[in-house]
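Source file: model_19.tsv. Holds: TSV, C-alpha atoms.
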chain	number	residue	atom	x	y	z
A	1	ILE	CA	0.00	0.00	0.00
A	2	GLU	CA	1.55	3.29	-1.02
A	3	GLU	CA	1.51	6.01	1.62
A	4	SER	CA	1.39	8.65	-1.12
A	5	TYR	CA	-2.08	7.42	-2.10
A	6	TYR	CA	-3.45	8.20	1.34
A	7	ASN	CA	-1.64	11.55	1.47
A	8	LYS	CA	-3.36	12.50	-1.75
A	9	ILE	CA	-6.91	11.82	-0.62
A	10	ASP	CA	-6.22	13.23	2.84
A	11	LYS	CA	-6.09	16.62	1.12
A	12	VAL	CA	-9.75	16.41	0.14
A	13	GLY	CA	-10.81	15.18	3.55
A	14	SER	CA	-12.04	11.74	2.51
A	15	THR	CA	-9.58	9.68	4.56
A	16	LYS	CA	-9.18	9.66	8.32
A	17	LEU	CA	-6.02	8.31	9.95
A	18	VAL	CA	-7.05	7.35	13.49
A	19	ASP	CA	-4.61	8.87	15.96
A	20	LYS	CA	-2.80	6.35	18.15
A	21	GLU	CA	-3.93	8.05	21.35
A	22	GLU	CA	-7.51	8.17	20.06
A	23	LEU	CA	-7.29	4.50	19.11
A	24	LYS	CA	-5.90	3.57	22.51
A	25	ALA	CA	-8.61	5.51	24.38
A	26	ASN	CA	-11.66	4.43	22.37
A	27	ALA	CA	-10.75	0.92	21.23
A	28	MET	CA	-10.21	-0.28	24.81
A	29	ARG	CA	-13.75	0.53	25.90
A	30	GLY	CA	-16.53	-1.96	26.45
A	31	LEU	CA	-16.71	-5.68	27.01
A	32	MET	CA	-14.14	-6.51	24.31
A	33	GLU	CA	-11.17	-4.42	23.13
A	34	ASP	CA	-11.98	-3.71	19.48
A	35	VAL	CA	-10.70	-1.32	16.81
A	36	MET	CA	-14.32	-0.78	15.76
A	37	ASN	CA	-14.99	1.04	19.06
A	38	ALA	CA	-12.74	3.83	17.78
A	39	VAL	CA	-14.03	3.76	14.19
A	40	LYS	CA	-17.65	4.08	15.36
A	41	ALA	CA	-16.76	7.44	16.93
A	42	LEU	CA	-15.70	8.99	13.59
A	43	PRO	CA	-17.92	11.58	11.83
A	44	GLY	CA	-20.40	10.14	9.36
A	45	VAL	CA	-20.26	6.63	10.86
A	46	SER	CA	-23.18	4.91	12.52
A	47	TYR	CA	-24.02	1.35	13.58
A	48	SER	CA	-27.10	-0.71	14.32
A	49	SER	CA	-26.90	-0.80	18.13
A	50	SER	CA	-24.50	-0.83	21.07
A	51	PHE	CA	-24.21	-4.62	20.74
A	52	TYR	CA	-23.21	-4.68	17.07
A	53	THR	CA	-20.10	-3.24	15.42
A	54	MET	CA	-21.26	-3.44	11.80
A	55	LEU	CA	-20.64	-0.03	10.24
A	56	SER	CA	-23.08	2.09	8.26
A	57	ILE	CA	-21.66	5.03	6.31
A	58	ARG	CA	-24.29	7.71	5.72
A	59	GLY	CA	-27.08	5.15	5.84
A	60	SER	CA	-25.44	2.40	3.77
A	61	TYR	CA	-25.69	-1.32	4.47
A	62	TYR	CA	-22.86	-2.85	6.46
A	63	ASP	CA	-21.77	-5.08	3.56
A	64	GLU	CA	-21.11	-1.98	1.44
A	65	VAL	CA	-18.17	-1.18	3.70
A	66	SER	CA	-15.02	-3.15	2.88
A	67	ALA	CA	-12.26	-3.96	5.35
A	68	SER	CA	-8.67	-5.03	4.83
A	69	LEU	CA	-6.09	-6.50	7.19
A	70	ASP	CA	-2.49	-5.85	6.16
A	71	GLY	CA	-3.63	-5.29	2.59
A	72	PHE	CA	-5.86	-8.40	2.33
A	73	VAL	CA	-9.58	-7.76	1.85
A	74	VAL	CA	-11.74	-9.40	4.53
A	75	ARG	CA	-15.36	-9.78	3.44
A	76	TYR	CA	-16.84	-10.51	6.89
A	77	PRO	CA	-14.50	-9.34	9.70
A	78	TYR	CA	-16.92	-10.06	12.55
A	79	PHE	CA	-17.52	-12.46	15.41
A	80	TRP	CA	-20.85	-13.38	17.03
A	81	GLY	CA	-22.91	-12.22	14.06
A	82	GLY	CA	-21.47	-8.71	14.15
A	83	ALA	CA	-20.99	-8.09	17.86
A	84	HIS	CA	-17.19	-7.78	17.62
A	85	SER	CA	-14.60	-7.52	14.86
A	86	ILE	CA	-11.41	-9.51	14.28
A	87	PHE	CA	-9.27	-6.37	14.70
A	88	ASN	CA	-7.42	-6.52	18.01
A	89	PRO	CA	-6.14	-3.02	18.94
A	90	ASN	CA	-3.30	-4.52	20.98
A	91	ILE	CA	-1.43	-5.46	17.79
A	92	VAL	CA	-2.67	-2.72	15.44
A	93	GLU	CA	-0.20	-0.12	14.17
A	94	THR	CA	-2.43	2.08	11.98
A	95	VAL	CA	-6.12	2.44	11.12
A	96	LYS	CA	-7.17	4.36	8.03
A	97	PHE	CA	-10.82	4.96	7.24
A	98	SER	CA	-11.99	6.23	3.84
A	99	ASN	CA	-15.58	7.24	3.15
A	100	GLY	CA	-15.01	8.91	-0.20
A	101	THR	CA	-12.65	8.11	-3.04
A	102	PHE	CA	-10.45	5.04	-2.68
A	103	ASN	CA	-8.32	2.81	-4.86
A	104	ALA	CA	-10.01	0.68	-7.53
A	105	LYS	CA	-8.31	-2.44	-6.12
A	106	ASN	CA	-10.88	-2.22	-3.31
A	107	GLY	CA	-13.74	-2.31	-5.77
A	108	MET	CA	-15.93	-4.46	-3.52
A	109	ALA	CA	-16.34	-1.40	-1.27
A	110	THR	CA	-19.03	1.09	-2.29
A	111	SER	CA	-19.55	3.35	0.74
A	112	GLY	CA	-16.35	3.05	2.78
A	113	LEU	CA	-13.04	1.32	3.30
A	114	LEU	CA	-11.40	0.37	6.59
A	115	ASP	CA	-7.67	-0.36	6.25
A	116	VAL	CA	-6.04	-1.96	9.31
A	117	GLU	CA	-2.31	-2.63	9.52
A	118	THR	CA	-0.75	-4.69	12.29
A	119	ARG	CA	2.61	-4.03	13.89
A	120	LYS	CA	5.93	-5.24	12.51
A	121	ALA	CA	8.57	-6.79	14.76
A	122	ASP	CA	11.21	-4.19	13.91
A	123	ASP	CA	11.84	-2.65	17.32
A	124	GLY	CA	13.54	-5.42	19.29
A	125	PHE	CA	12.23	-8.54	20.99
A	126	LYS	CA	8.96	-7.88	22.88
A	127	VAL	CA	6.43	-9.90	24.85
A	128	ASN	CA	3.01	-8.23	25.04
A	129	THR	CA	0.27	-9.58	27.31
A	130	ASN	CA	-3.10	-7.98	28.01
A	131	THR	CA	-6.00	-8.91	30.26
A	132	GLY	CA	-9.34	-7.27	29.49
A	133	MET	CA	-12.87	-7.51	30.84
A	134	SER	CA	-13.56	-10.65	28.84
A	135	SER	CA	-10.34	-11.82	27.16
A	136	ILE	CA	-6.64	-12.48	27.49
A	137	ASP	CA	-4.16	-12.06	24.66
A	138	ALA	CA	-0.42	-12.51	24.30
A	139	TYR	CA	1.91	-11.69	21.39
A	140	LEU	CA	5.59	-12.06	20.65
A	141	GLU	CA	7.55	-9.65	18.45
A	142	ILE	CA	10.68	-11.45	17.27
A	143	PRO	CA	13.25	-9.56	15.15
A	144	ILE	CA	15.27	-11.93	12.98
A	145	ILE	CA	17.72	-9.82	10.97
A	146	ASN	CA	18.15	-6.39	12.56
A	147	LYS	CA	15.19	-4.35	11.31
A	148	THR	CA	14.88	-6.01	7.90
A	149	MET	CA	13.07	-9.18	8.98
A	150	GLY	CA	10.77	-10.05	11.87
A	151	LEU	CA	7.94	-12.20	13.13
A	152	LEU	CA	4.78	-11.29	15.09
A	153	VAL	CA	2.87	-14.25	16.52
A	154	GLY	CA	0.24	-14.69	19.22
A	155	GLY	CA	-3.47	-14.97	19.92
A	156	ARG	CA	-6.50	-14.10	22.03
A	157	VAL	CA	-8.91	-16.20	24.09
A	158	THR	CA	-12.05	-15.14	25.93
A	159	TYR	CA	-13.09	-16.46	29.32
A	160	LEU	CA	-16.80	-15.60	29.23
A	161	GLU	CA	-17.65	-19.29	29.55
A	162	ALA	CA	-16.38	-18.95	33.13
A	163	THR	CA	-18.23	-15.70	33.92
A	164	ILE	CA	-21.34	-14.96	31.83
A	165	ALA	CA	-22.41	-18.56	31.18
A	166	PRO	CA	-22.78	-19.45	34.91
A	167	VAL	CA	-24.88	-16.30	35.41
A	168	TRP	CA	-27.15	-17.32	32.54
A	169	ARG	CA	-27.57	-20.78	34.02
A	170	ALA	CA	-28.30	-19.32	37.47
A	171	ASN	CA	-31.13	-17.29	35.88
A	172	GLY	CA	-32.64	-20.45	34.40
A	173	GLN	CA	-31.42	-19.98	30.83
A	174	THR	CA	-30.27	-22.87	28.68
A	175	VAL	CA	-26.71	-22.29	27.51
A	176	ASP	CA	-26.31	-24.35	24.35
A	177	VAL	CA	-22.89	-22.88	23.54
A	178	ALA	CA	-21.02	-20.82	26.11
A	179	PRO	CA	-19.77	-17.60	24.46
A	180	TYR	CA	-16.20	-17.87	23.24
A	181	ILE	CA	-13.75	-16.35	20.77
A	182	ARG	CA	-10.39	-17.86	19.84
A	183	THR	CA	-7.98	-16.08	17.49
A	184	GLY	CA	-4.41	-16.49	16.31
A	185	ASN	CA	-2.23	-14.07	14.33
A	186	LEU	CA	1.03	-14.48	12.45
A	187	LYS	CA	2.94	-11.86	10.49
A	188	TRP	CA	6.36	-12.40	8.93
A	189	TYR	CA	7.97	-9.64	6.95
A	190	TRP	CA	11.21	-9.10	5.08
A	191	LYS	CA	12.43	-5.79	3.71
A	192	PRO	CA	15.75	-6.46	1.91
A	193	ASN	CA	15.89	-2.91	0.53
A	194	GLU	CA	13.85	0.29	0.28
A	195	ARG	CA	12.00	-0.84	-2.84
A	196	ILE	CA	10.98	-4.37	-1.83
A	197	GLU	CA	8.92	-5.51	1.15
A	198	TRP	CA	7.49	-9.02	1.49
A	199	TYR	CA	4.85	-10.27	3.90
A	200	VAL	CA	3.40	-13.60	4.98
A	201	ASN	CA	0.22	-13.16	6.99
A	202	GLY	CA	-1.93	-15.69	8.78
A	203	PHE	CA	-5.12	-15.37	10.81
A	204	PHE	CA	-7.24	-17.97	12.57
A	205	GLY	CA	-10.58	-17.23	14.20
A	206	ALA	CA	-13.31	-19.29	15.81
A	207	ASP	CA	-16.36	-18.19	17.79
A	208	GLY	CA	-19.57	-19.53	19.22
A	209	ILE	CA	-22.54	-18.44	21.31
A	210	GLY	CA	-25.93	-19.96	22.01
A	211	SER	CA	-28.50	-19.40	24.75
A	212	GLY	CA	-32.19	-20.17	25.06

How does the structure come out when it is put into structure tokens?
Amino acid sequence: IEESYYNKIDKVGSTKLVDKEELKANAMRGLMEDVMNAVKALPGVSYSSSFYTMLSIRGSYYDEVSASLDGFVVRYPYFWGGAHSIFNPNIVETVKFSNGTFNAKNGMATSGLLDVETRKADDGFKVNTNTGMSSIDAYLEIPIINKTMGLLVGGRVTYLEATIAPVWRANGQTVDVAPYIRTGNLKWYWKPNERIEWYVNGFFGADGIGSG
């Protein structure tokens, strides 16, 4: 993704680069840390309810908004039918949101484009662990060759099956599937020179919820 492209459309006010402090403050709110918590606060963005994170840009349907993770288009980046997204703010480097003109390579988007880029392991070996209201995640940043090659690997697990599910059962509800989310991320990059940059990205996600 060329930075110059975003600089160009920034001039006409159609792209918003979410500030890191703004992302940190807004994305960490609520039951689950989620990049969408910060995106929902941007001008011109609405969503169906406090439970769902599906975006609506000036009244559009949620599937008219396209999302990409490290340059790969993700058609349905949600868990639990839209309650949370796959974008974990603890490993996100930048968030760019376009609700006007954007590149033709994202042609599946008609009303907006959310571009999320995860961190690169180019700043020394790091171990990042986070405990939230409903989940625990841990990630390793492993530099391999100075700042030209690195590996980010880790994942997130929720523990709502140990908190919310017992409360449901105590209230007489049938819990068919205790709520859970399991994710794993992998990002390997190699930048041999200023003109070439290679990536290998991997994402695994599984979720479930059911109560009667």

For CA of Ile86 in chain A and CA of Asp176 in chain A, determine how far apart the two atoms are, in Å to one decimal place. 23.3 Å

Quick one: pull the distance between CA of Gly44 in chain A and CA of Trp80 in chain A, Å, one decimal.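 One can read the CA of Gly44 in chain A to CA of Trp80 in chain A distance as 24.7 Å.
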
What does the distance from CA of Trp188 in chain A to CA of Lys16 in chain A come to in Å, to one decimal?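 It comes out at 27.0 Å.
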
Residues at most 7 Å from Ala27 in chain A, counting only C-alpha atoms, excluding those fewer than 2 positions away in the same chain, as number ranges by chain? A: 23-25, 29, 33-38, 89

I need the chosen residues saved as a PDB file, in the frame of the given file, with C-alpha atoms.
ATOM      1  CA  LEU A  23      -7.290   4.500  19.110  1.00  0.00           C
ATOM      2  CA  LYS A  24      -5.900   3.570  22.510  1.00  0.00           C
ATOM      3  CA  ALA A  25      -8.610   5.510  24.380  1.00  0.00           C
ATOM      4  CA  ARG A  29     -13.750   0.530  25.900  1.00  0.00           C
ATOM      5  CA  GLU A  33     -11.170  -4.420  23.130  1.00  0.00           C
ATOM      6  CA  ASP A  34     -11.980  -3.710  19.480  1.00  0.00           C
ATOM      7  CA  VAL A  35     -10.700  -1.320  16.810  1.00  0.00           C
ATOM      8  CA  MET A  36     -14.320  -0.780  15.760  1.00  0.00           C
ATOM      9  CA  ASN A  37     -14.990   1.040  19.060  1.00  0.00           C
ATOM     10  CA  ALA A  38     -12.740   3.830  17.780  1.00  0.00           C
ATOM     11  CA  PRO A  89      -6.140  -3.020  18.940  1.00  0.00           C
TER      12      PRO A  89
END

Contacts of Val116 in chain A within 7 Å, all atoms listed in the file, excl. fewer than 4 positions in-chain, as number ranges by chain: A: 68-70, 94-96

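Minimum atom-to-atom distance to Glu22 in chain A, evaluated using all atoms listed in the file, belongs to A:Val39 out of A:Asp122, A:Val39, A:Gly205, A:Val65.
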
Pick from A:Tyr159, A:Gly82, A:Asp207, A:Lys147 nearest to Asp123 in chain A, counting all atoms listed in the file: A:Lys147

Smallest atom-to-atom distance to Pro192 in chain A: which of A:Phe97, A:His84, A:Thr148, A:Val18, using all atoms listed in the file?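 Smallest separation from Pro192 in chain A among the options: A:Thr148.
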
Between A:Arg169, A:Lys191, A:Arg182, A:Arg156, which one has atoms that come closest to Asn88 in chain A, using only C-alpha atoms?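 For Asn88 in chain A, the nearest of the given residues is A:Arg156.
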
Which is closest to Leu42 in chain A among A:Ala178, A:Ala67, A:Val73, A:Leu114, if we use all atoms listed in the file?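 Checking each of A:Ala178, A:Ala67, A:Val73, A:Leu114 against Leu42 in chain A, counting all atoms listed in the file, the winner is A:Leu114.
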
Residue with smallest distance to Val157 in chain A - pool A:Phe204, A:Gly81, A:Phe125, A:Thr118, counting all atoms listed in the file: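 Checking each candidate against Val157 in chain A, we get A:Phe204 as the closest.
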
Please write as a ChimeraX atom specification the list of polymer residues whose atoms come within 7 Å of (-6.8, -8.8, 25.0), counting all atoms listed in the file and keeping to the coordinates of the file. /A:33,90,130-132,135-137,156
